[in-house]
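*Asks:* Next comes query-v6.cif, mmCIF, C-alpha atoms and all ligand atoms:
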data_target
#
loop_
_atom_site.label_atom_id
_atom_site.label_comp_id
_atom_site.auth_asym_id
_atom_site.auth_seq_id
_atom_site.Cartn_x
_atom_site.Cartn_y
_atom_site.Cartn_z
CA MET A 1 -31.28 0.11 60.28
CA TYR A 2 -28.91 3.03 60.82
CA VAL A 3 -26.62 4.57 58.24
CA THR A 4 -22.88 4.66 58.86
CA HIS A 5 -20.43 7.12 57.33
CA THR A 6 -19.20 4.38 55.05
CA ASN A 7 -22.46 3.51 53.44
CA LEU A 8 -23.49 7.16 53.41
CA GLY A 9 -20.43 7.66 51.20
CA ASP A 10 -21.40 4.70 49.07
CA CYS A 11 -24.61 6.53 48.22
CA MET A 12 -22.67 9.32 46.52
CA THR A 13 -23.82 9.61 42.93
CA ALA A 14 -21.30 10.74 40.38
CA ARG A 15 -21.99 13.58 38.01
CA ILE A 16 -22.46 12.08 34.57
CA ILE A 17 -20.15 13.73 32.07
CA ASP A 18 -22.31 14.31 29.02
CA GLY A 19 -20.15 13.69 25.94
CA VAL A 20 -23.09 14.17 23.60
CA ALA A 21 -23.77 17.69 24.89
CA LEU A 22 -20.08 18.66 24.84
CA ALA A 23 -19.70 17.29 21.31
CA ARG A 24 -22.77 19.24 20.21
CA SER A 25 -21.42 22.53 21.52
CA LEU A 26 -17.94 21.96 20.04
CA ARG A 27 -19.49 21.07 16.67
CA ILE A 28 -21.35 24.39 16.61
CA GLY A 29 -17.99 26.19 16.83
CA ILE A 30 -16.52 23.91 14.17
CA ALA A 31 -19.46 24.58 11.81
CA ASP A 32 -18.90 28.33 12.27
CA ARG A 33 -15.25 27.89 11.24
CA VAL A 34 -16.31 25.86 8.20
CA ALA A 35 -18.65 28.72 7.24
CA ALA A 36 -15.79 31.22 7.60
CA LEU A 37 -13.66 29.06 5.29
CA ALA A 38 -16.55 28.88 2.81
CA ASP A 39 -16.50 32.69 2.66
CA LYS A 40 -12.92 32.37 1.38
CA GLY A 41 -13.96 29.72 -1.15
CA VAL A 42 -12.49 26.81 0.84
CA THR A 43 -14.39 23.63 1.73
CA PRO A 44 -12.55 21.33 4.16
CA GLY A 45 -12.18 17.87 2.61
CA LEU A 46 -11.70 14.55 4.38
CA ALA A 47 -10.76 11.34 2.57
CA VAL A 48 -11.62 8.10 4.34
CA ILE A 49 -10.20 4.73 3.35
CA LEU A 50 -12.02 1.60 4.46
CA VAL A 51 -10.51 -1.78 3.66
CA GLY A 52 -12.45 -5.05 4.01
CA GLU A 53 -15.75 -5.89 5.63
CA ASP A 54 -15.19 -5.27 9.35
CA ALA A 55 -18.70 -4.46 10.60
CA ALA A 56 -17.62 -2.22 13.49
CA SER A 57 -15.30 -0.24 11.20
CA ALA A 58 -18.16 0.32 8.76
CA VAL A 59 -20.31 1.69 11.61
CA TYR A 60 -17.53 4.01 12.83
CA VAL A 61 -16.84 5.29 9.32
CA GLY A 62 -20.56 5.89 8.77
CA ARG A 63 -20.66 8.05 11.92
CA LYS A 64 -17.64 10.07 10.81
CA ILE A 65 -19.10 10.72 7.36
CA LYS A 66 -22.43 11.81 8.83
CA ALA A 67 -20.71 14.13 11.31
CA CYS A 68 -18.66 15.69 8.50
CA ALA A 69 -21.79 16.42 6.49
CA ALA A 70 -23.49 18.01 9.51
CA VAL A 71 -20.76 20.66 9.90
CA GLY A 72 -20.14 21.21 6.17
CA ILE A 73 -16.96 19.16 5.70
CA ARG A 74 -16.89 17.43 2.31
CA SER A 75 -15.94 13.77 2.67
CA HIS A 76 -15.12 11.03 0.26
CA THR A 77 -14.85 7.33 1.13
CA ASP A 78 -12.78 4.78 -0.78
CA ARG A 79 -13.98 1.26 0.00
CA PHE A 80 -11.48 -1.42 -0.96
CA ALA A 81 -11.79 -5.21 -0.90
CA ALA A 82 -9.88 -6.96 1.87
CA ASP A 83 -7.40 -8.39 -0.65
CA ILE A 84 -6.16 -5.01 -1.96
CA SER A 85 -2.38 -4.99 -2.36
CA ASN A 86 -0.06 -2.83 -0.27
CA GLU A 87 1.10 -1.10 -3.44
CA ALA A 88 -2.42 -0.17 -4.57
CA LEU A 89 -3.28 1.22 -1.14
CA LEU A 90 -0.05 3.24 -0.92
CA ALA A 91 -0.62 4.58 -4.45
CA ARG A 92 -4.10 5.82 -3.51
CA ILE A 93 -2.72 7.55 -0.40
CA ALA A 94 -0.05 9.24 -2.55
CA GLU A 95 -2.80 10.57 -4.84
CA LEU A 96 -4.74 11.95 -1.88
CA ASN A 97 -1.55 13.51 -0.45
CA ALA A 98 -1.20 15.46 -3.70
CA ASP A 99 -4.86 16.54 -3.92
CA PRO A 100 -5.27 20.15 -2.69
CA ALA A 101 -9.02 19.62 -2.09
CA ILE A 102 -8.21 16.99 0.55
CA HIS A 103 -7.14 18.36 3.94
CA GLY A 104 -7.38 15.16 5.96
CA ILE A 105 -6.77 11.47 5.23
CA LEU A 106 -8.04 8.75 7.51
CA VAL A 107 -7.36 5.04 7.05
CA GLN A 108 -9.78 3.16 9.26
CA LEU A 109 -8.11 0.53 11.45
CA PRO A 110 -7.79 -2.41 11.79
CA LEU A 111 -6.38 -3.31 8.39
CA PRO A 112 -6.18 -6.87 7.02
CA ALA A 113 -3.12 -8.78 8.24
CA HIS A 114 -1.25 -8.69 4.90
CA ILE A 115 -1.26 -4.89 4.85
CA ASP A 116 1.81 -3.19 6.30
CA MET A 117 -0.03 -0.83 8.65
CA ALA A 118 3.07 1.07 9.76
CA ARG A 119 3.98 1.82 6.14
CA VAL A 120 0.43 2.88 5.34
CA LEU A 121 0.29 5.30 8.28
CA GLU A 122 3.72 6.74 7.47
CA THR A 123 2.74 7.30 3.84
CA ILE A 124 -0.02 9.73 4.84
CA ALA A 125 1.33 13.30 4.60
CA VAL A 126 2.03 14.56 8.12
CA ASP A 127 0.01 17.72 7.49
CA LYS A 128 -3.05 15.65 6.41
CA ASP A 129 -2.74 13.05 9.19
CA VAL A 130 -5.93 14.10 11.01
CA ASP A 131 -5.97 10.81 12.96
CA GLY A 132 -2.58 11.73 14.44
CA PHE A 133 -1.20 8.20 13.85
CA HIS A 134 1.86 9.11 11.75
CA LEU A 135 5.16 8.40 13.49
CA TYR A 136 5.98 12.14 13.35
CA ASN A 137 2.75 13.09 15.11
CA ILE A 138 3.20 10.36 17.72
CA GLY A 139 6.80 11.52 18.30
CA GLY A 140 5.49 15.07 18.54
CA LEU A 141 3.45 14.06 21.56
CA VAL A 142 6.73 13.34 23.34
CA THR A 143 8.47 16.56 22.32
CA GLY A 144 5.40 18.82 22.35
CA ASN A 145 5.21 19.82 18.70
CA THR A 146 2.71 17.46 17.18
CA VAL A 147 0.81 18.64 14.06
CA PHE A 148 -2.37 16.73 14.95
CA SER A 149 -3.29 15.10 18.25
CA PRO A 150 -4.96 11.68 18.00
CA CYS A 151 -8.72 12.04 18.24
CA THR A 152 -9.69 9.86 21.21
CA PRO A 153 -6.97 11.16 23.57
CA TYR A 154 -7.75 14.69 22.40
CA GLY A 155 -11.40 14.00 23.28
CA VAL A 156 -10.40 12.78 26.75
CA VAL A 157 -8.49 16.04 27.30
CA LYS A 158 -11.55 18.05 26.18
CA LEU A 159 -13.87 16.13 28.50
CA LEU A 160 -11.58 16.80 31.48
CA GLU A 161 -11.29 20.45 30.45
CA SER A 162 -15.09 20.72 30.32
CA GLU A 163 -15.25 19.38 33.87
CA GLY A 164 -12.86 22.13 34.97
CA VAL A 165 -10.27 19.57 36.05
CA ASP A 166 -6.86 21.16 36.68
CA LEU A 167 -4.45 18.36 35.81
CA VAL A 168 -1.36 19.88 37.39
CA GLY A 169 -0.03 17.51 40.03
CA GLN A 170 -3.00 15.13 39.78
CA ASN A 171 -2.49 11.39 39.89
CA VAL A 172 -3.72 10.02 36.58
CA VAL A 173 -3.84 6.29 35.95
CA VAL A 174 -4.37 5.10 32.39
CA VAL A 175 -5.45 1.47 32.06
CA GLY A 176 -4.51 0.25 28.57
CA ALA A 177 -1.32 0.94 26.64
CA SER A 178 -2.41 0.86 23.00
CA ASN A 179 -0.68 3.07 20.45
CA ILE A 180 -3.92 4.81 19.51
CA VAL A 181 -5.42 5.46 22.94
CA GLY A 182 -3.50 4.52 26.10
CA LYS A 183 0.00 5.72 25.29
CA PRO A 184 -0.95 9.01 23.58
CA THR A 185 -3.50 9.79 26.32
CA ALA A 186 -0.80 9.32 28.94
CA LEU A 187 1.59 11.63 27.06
CA MET A 188 -1.04 14.33 26.56
CA LEU A 189 -2.09 14.32 30.22
CA MET A 190 1.55 14.37 31.34
CA ALA A 191 2.04 17.43 29.13
CA GLU A 192 -0.76 19.08 31.15
CA GLY A 193 1.20 18.54 34.36
CA ALA A 194 -0.33 15.29 35.65
CA THR A 195 1.65 12.48 37.26
CA VAL A 196 0.75 9.57 34.99
CA SER A 197 0.95 5.80 35.49
CA ILE A 198 0.19 3.45 32.61
CA CYS A 199 -1.17 -0.01 33.38
CA HIS A 200 -1.55 -2.80 30.84
CA VAL A 201 -2.33 -6.50 30.48
CA HIS A 202 0.83 -7.51 32.36
CA THR A 203 0.29 -5.15 35.29
CA ARG A 204 0.18 -7.08 38.56
CA ASP A 205 -2.45 -6.04 41.10
CA LEU A 206 -4.16 -3.44 38.92
CA ALA A 207 -6.23 -2.18 41.87
CA GLN A 208 -3.10 -1.04 43.69
CA TYR A 209 -2.64 1.54 40.92
CA THR A 210 -6.23 2.45 40.14
CA ILE A 211 -7.07 3.20 43.77
CA MET A 212 -4.44 5.98 43.68
CA ALA A 213 -6.03 7.74 40.73
CA ASP A 214 -7.56 11.20 41.06
CA ILE A 215 -8.38 10.71 37.39
CA LEU A 216 -8.83 7.21 36.03
CA VAL A 217 -8.84 6.68 32.25
CA VAL A 218 -9.77 3.17 31.18
CA ALA A 219 -9.14 1.92 27.65
CA ALA A 220 -8.63 -1.81 28.06
CA GLY A 221 -11.49 -3.29 26.03
CA VAL A 222 -12.59 -5.50 28.94
CA PRO A 223 -16.22 -5.05 30.05
CA GLY A 224 -16.62 -4.55 33.78
CA LEU A 225 -12.85 -4.51 34.43
CA ILE A 226 -13.07 -1.62 36.89
CA VAL A 227 -15.24 -2.29 39.95
CA PRO A 228 -15.95 0.16 42.81
CA GLN A 229 -13.30 -1.29 45.16
CA MET A 230 -10.65 -0.24 42.63
CA VAL A 231 -11.69 3.42 42.54
CA LYS A 232 -10.73 6.24 44.90
CA ARG A 233 -13.71 8.04 46.39
CA GLY A 234 -14.23 11.31 44.51
CA ALA A 235 -12.20 10.29 41.45
CA VAL A 236 -13.04 11.40 37.91
CA VAL A 237 -13.49 8.31 35.74
CA ILE A 238 -13.22 8.39 31.94
CA ASP A 239 -14.33 5.15 30.30
CA VAL A 240 -12.97 4.79 26.77
CA GLY A 241 -14.09 1.15 26.38
CA ILE A 242 -16.75 0.21 23.84
CA ASN A 243 -17.74 -3.45 24.23
CA ARG A 244 -20.70 -5.29 22.72
CA LEU A 245 -22.09 -7.91 25.11
CA PRO A 246 -23.62 -11.18 23.83
CA ASP A 247 -27.10 -9.71 24.50
CA GLY A 248 -26.28 -6.79 22.17
CA ARG A 249 -25.79 -4.14 24.85
CA ILE A 250 -22.89 -1.70 24.46
CA VAL A 251 -20.94 -1.19 27.68
CA GLY A 252 -17.63 0.32 28.69
CA ASP A 253 -14.77 -1.12 30.75
CA VAL A 254 -16.13 0.30 34.00
CA ASP A 255 -18.94 -1.07 36.18
CA PHE A 256 -20.91 2.14 35.64
CA ALA A 257 -23.63 1.63 38.26
CA GLY A 258 -21.21 0.55 40.99
CA VAL A 259 -18.48 3.10 40.29
CA SER A 260 -21.05 5.92 40.01
CA ARG A 261 -21.65 5.52 43.73
CA LYS A 262 -18.01 6.25 44.48
CA ALA A 263 -16.69 8.61 41.80
CA ALA A 264 -17.26 12.37 41.66
CA ALA A 265 -17.80 12.28 37.89
CA ILE A 266 -17.95 9.55 35.27
CA THR A 267 -18.47 9.21 31.51
CA PRO A 268 -21.27 6.91 30.34
CA VAL A 269 -20.95 4.38 27.50
CA PRO A 270 -22.38 5.14 25.06
CA GLY A 271 -22.54 8.94 25.17
CA GLY A 272 -19.21 9.74 26.81
CA VAL A 273 -15.91 9.60 24.95
CA GLY A 274 -17.30 8.27 21.63
CA PRO A 275 -18.94 11.52 20.41
CA LEU A 276 -15.74 13.41 21.27
CA THR A 277 -13.56 11.09 19.17
CA VAL A 278 -15.58 11.98 16.08
CA THR A 279 -15.69 15.66 17.06
CA MET A 280 -11.91 15.90 17.35
CA LEU A 281 -11.59 14.39 13.88
CA LEU A 282 -13.76 17.26 12.61
CA GLU A 283 -11.64 19.71 14.61
CA ASN A 284 -8.40 18.35 13.13
CA THR A 285 -9.80 18.42 9.60
CA VAL A 286 -10.95 22.04 9.91
CA GLN A 287 -7.63 23.00 11.52
CA SER A 288 -5.85 21.41 8.56
CA ALA A 289 -7.97 23.37 6.05
CA GLU A 290 -7.35 26.60 8.00
CA ARG A 291 -3.62 25.97 7.96
CA ALA A 292 -3.58 25.13 4.26
CA ASN A 293 -5.59 28.26 3.54
CA ALA A 294 -3.30 30.44 5.67
CA ILE A 295 -0.31 29.06 3.78
CA ALA A 296 -2.02 29.57 0.41
CA ALA A 297 -3.20 33.12 1.29
N1 LIG B 1 -10.06 2.22 14.70
C1 LIG B 1 -10.45 2.36 15.97
N2 LIG B 1 -10.35 3.66 16.36
C2 LIG B 1 -9.88 4.33 15.29
C3 LIG B 1 -9.58 5.70 15.08
O1 LIG B 1 -9.70 6.57 15.94
N3 LIG B 1 -9.12 6.00 13.83
C4 LIG B 1 -8.96 5.05 12.87
N4 LIG B 1 -8.47 5.44 11.69
N5 LIG B 1 -9.23 3.79 13.05
C5 LIG B 1 -9.69 3.42 14.25
#
Please go through the file and, once you have read it, give me the structure as structure tokens.
*Replies:*
Amino acid sequence: MYVTHTNLGDCMTARIIDGVALARSLRIGIADRVAALADKGVTPGLAVILVGEDAASAVYVGRKIKACAAVGIRSHTDRFAADISNEALLARIAELNADPAIHGILVQLPLPAHIDMARVLETIAVDKDVDGFHLYNIGGLVTGNTVFSPCTPYGVVKLLESEGVDLVGQNVVVVGASNIVGKPTALMLMAEGATVSICHVHTRDLAQYTIMADILVVAAGVPGLIVPQMVKRGAVVIDVGINRLPDGRIVGDVDFAGVSRKAAAITPVPGGVGPLTVTMLLENTVQSAERANAIAA
């Protein structure tokens, strides 16, 4: 058998973008900043609110708490029953807004259906909104003066930065248009000079868009959605999906093995974007404490 140019190309193996290693190095810098704050008598404080019994949420919150402890951020978790009233939840957020020892407030999503999520997120003080979900911070992504960037999109930006990707003039395609990942990621990459297309569940002929992408960001929540035929040779592929298969395996939205033979670089799942999401929460919390301390000084 002889090898043609085409299948030679198919043998290309993408560089695996190591989110664990990048997160580790960023967390070292964050821990140093926490130590510098400690010298001034300040300990960054994060308040986490978890409502109900969602198993995945409990796992995510557990990871955030552990990561806080590892860099010296003090965290406190309020666990409320799923039937908590809107008023009780809003009252607790108001207390945390007024507490000078708390620099960041995070309400883990999703919330039970009877809770008015928009009201909850808008009750969090803008300068403690370390998740970046307050309407002001989302609007700031459009105008360029956000107080906190949302953690997962911020992590995507950091991963691309670590790969030395210059976004100016690049074709970026974002698959998924959620408020917490797809839309803010698109805005942040556009702010870096990329030409951005956003695809979503109603997009016809998804492949027609994805094949154009120099950088493909996938946050659709559909395992195996992106197959090699949909990816431009040499693209950088960022897989934000976290899906649990019936056999218990955790996979992303991208056919990792297939697309690795075509892309120049790709994030694995797990071990790609996930560690960065938590890291950027730490970053935002420390930034908030630094700002509060600068104001108080
Ligand atoms: N649920 C899924 N992702 C997130 C996140 O980044 N922050 C919060 N608060 N809830 C989530």
*Asks:* Is it possible to get the residues within 8 Å of (-4.5, 15.2, 26.8) (coordinates as in the file, counting all atoms listed in the file) written as a PyMOL selection string?
*Replies:* chain A and resi 153-158+184-192
*Asks:* Neighbours of ligand LIG 1 (chain B) at 10 Å or closer, counting all atoms listed in the file: which residues, as number ranges by chain?
*Replies:* A: 48-50, 56-57, 60-61, 64, 105-111, 121, 129-133, 150-153, 180-181, 274, 277-278, 280-281
*Asks:* Create the file for the chosen residues now, containing C-alpha atoms and written as a PDB file, in the coordinates of the input.
*Replies:*
ATOM      1  CA  VAL A  48     -11.620   8.100   4.340  1.00  0.00           C
ATOM      2  CA  ILE A  49     -10.200   4.730   3.350  1.00  0.00           C
ATOM      3  CA  LEU A  50     -12.020   1.600   4.460  1.00  0.00           C
ATOM      4  CA  ALA A  56     -17.620  -2.220  13.490  1.00  0.00           C
ATOM      5  CA  SER A  57     -15.300  -0.240  11.200  1.00  0.00           C
ATOM      6  CA  TYR A  60     -17.530   4.010  12.830  1.00  0.00           C
ATOM      7  CA  VAL A  61     -16.840   5.290   9.320  1.00  0.00           C
ATOM      8  CA  LYS A  64     -17.640  10.070  10.810  1.00  0.00           C
ATOM      9  CA  ILE A 105      -6.770  11.470   5.230  1.00  0.00           C
ATOM     10  CA  LEU A 106      -8.040   8.750   7.510  1.00  0.00           C
ATOM     11  CA  VAL A 107      -7.360   5.040   7.050  1.00  0.00           C
ATOM     12  CA  GLN A 108      -9.780   3.160   9.260  1.00  0.00           C
ATOM     13  CA  LEU A 109      -8.110   0.530  11.450  1.00  0.00           C
ATOM     14  CA  PRO A 110      -7.790  -2.410  11.790  1.00  0.00           C
ATOM     15  CA  LEU A 111      -6.380  -3.310   8.390  1.00  0.00           C
ATOM     16  CA  LEU A 121       0.290   5.300   8.280  1.00  0.00           C
ATOM     17  CA  ASP A 129      -2.740  13.050   9.190  1.00  0.00           C
ATOM     18  CA  VAL A 130      -5.930  14.100  11.010  1.00  0.00           C
ATOM     19  CA  ASP A 131      -5.970  10.810  12.960  1.00  0.00           C
ATOM     20  CA  GLY A 132      -2.580  11.730  14.440  1.00  0.00           C
ATOM     21  CA  PHE A 133      -1.200   8.200  13.850  1.00  0.00           C
ATOM     22  CA  PRO A 150      -4.960  11.680  18.000  1.00  0.00           C
ATOM     23  CA  CYS A 151      -8.720  12.040  18.240  1.00  0.00           C
ATOM     24  CA  THR A 152      -9.690   9.860  21.210  1.00  0.00           C
ATOM     25  CA  PRO A 153      -6.970  11.160  23.570  1.00  0.00           C
ATOM     26  CA  ILE A 180      -3.920   4.810  19.510  1.00  0.00           C
ATOM     27  CA  VAL A 181      -5.420   5.460  22.940  1.00  0.00           C
ATOM     28  CA  GLY A 274     -17.300   8.270  21.630  1.00  0.00           C
ATOM     29  CA  THR A 277     -13.560  11.090  19.170  1.00  0.00           C
ATOM     30  CA  VAL A 278     -15.580  11.980  16.080  1.00  0.00           C
ATOM     31  CA  MET A 280     -11.910  15.900  17.350  1.00  0.00           C
ATOM     32  CA  LEU A 281     -11.590  14.390  13.880  1.00  0.00           C
TER      33      LEU A 281
END
*Asks:* Using only C-alpha atoms, find all polymer residues with an atom at most 12 Å away from the point (-15.5, 2.4, 41.4); report them as a PyMOL selection string.
*Replies:* chain A and resi 10+12-14+207+210-216+218+224-239+253-266
*Asks:* Choose the residue, out of A:Val173, A:Leu22, A:Ile115, A:Ile242, that has the smallest atom-to-atom separation from Glu87 (chain A); count all atoms listed in the file.
*Replies:*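 The shortest atom-to-atom distance to Glu87 (chain A) comes from A:Ile115.
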*Asks:* What is the CA of Asp78 (chain A)-CA of Glu283 (chain A) distance in Å, reported with one decimal?
*Replies:*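 The value is 21.5 Å.
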*Asks:* Which neighbours of Asp32 (chain A) fall inside 9 Å, counting all atoms listed in the file, when residues of the same chain fewer than 5 positions from it are skipped, and could you give them as a ChimeraX atom specification?
*Replies:* /A:27,37,71
*Asks:* Give me a file of those residues, with C-alpha atoms, as a PDB file, in the coordinates of the input.
*Replies:*
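Contents of part.pdb, as written:
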ATOM      1  CA  ARG A  27     -19.490  21.070  16.670  1.00  0.00           C
ATOM      2  CA  LEU A  37     -13.660  29.060   5.290  1.00  0.00           C
ATOM      3  CA  VAL A  71     -20.760  20.660   9.900  1.00  0.00           C
TER       4      VAL A  71
END
*Asks:* From the set A:Ile30, A:Leu167, A:Cys68, A:Val126, which residue has the shortest atom-to-atom contact distance to Gly139 (chain A), counting all atoms listed in the file?
*Replies:*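 Closest to Gly139 (chain A) of all the choices is A:Val126.
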*Asks:* CA of Ile295 (chain A) and CA of Leu282 (chain A) are how many Å apart?
*Replies:*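 Separating CA of Ile295 (chain A) from CA of Leu282 (chain A) is a distance of 20.0 Å.
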*Asks:* Quick one: pull the distance between CA of Ala36 (chain A) and CA of Gly140 (chain A), Å, one decimal.
*Replies:*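 Computed distance, CA of Ala36 (chain A) to CA of Gly140 (chain A), equals 28.9 Å.
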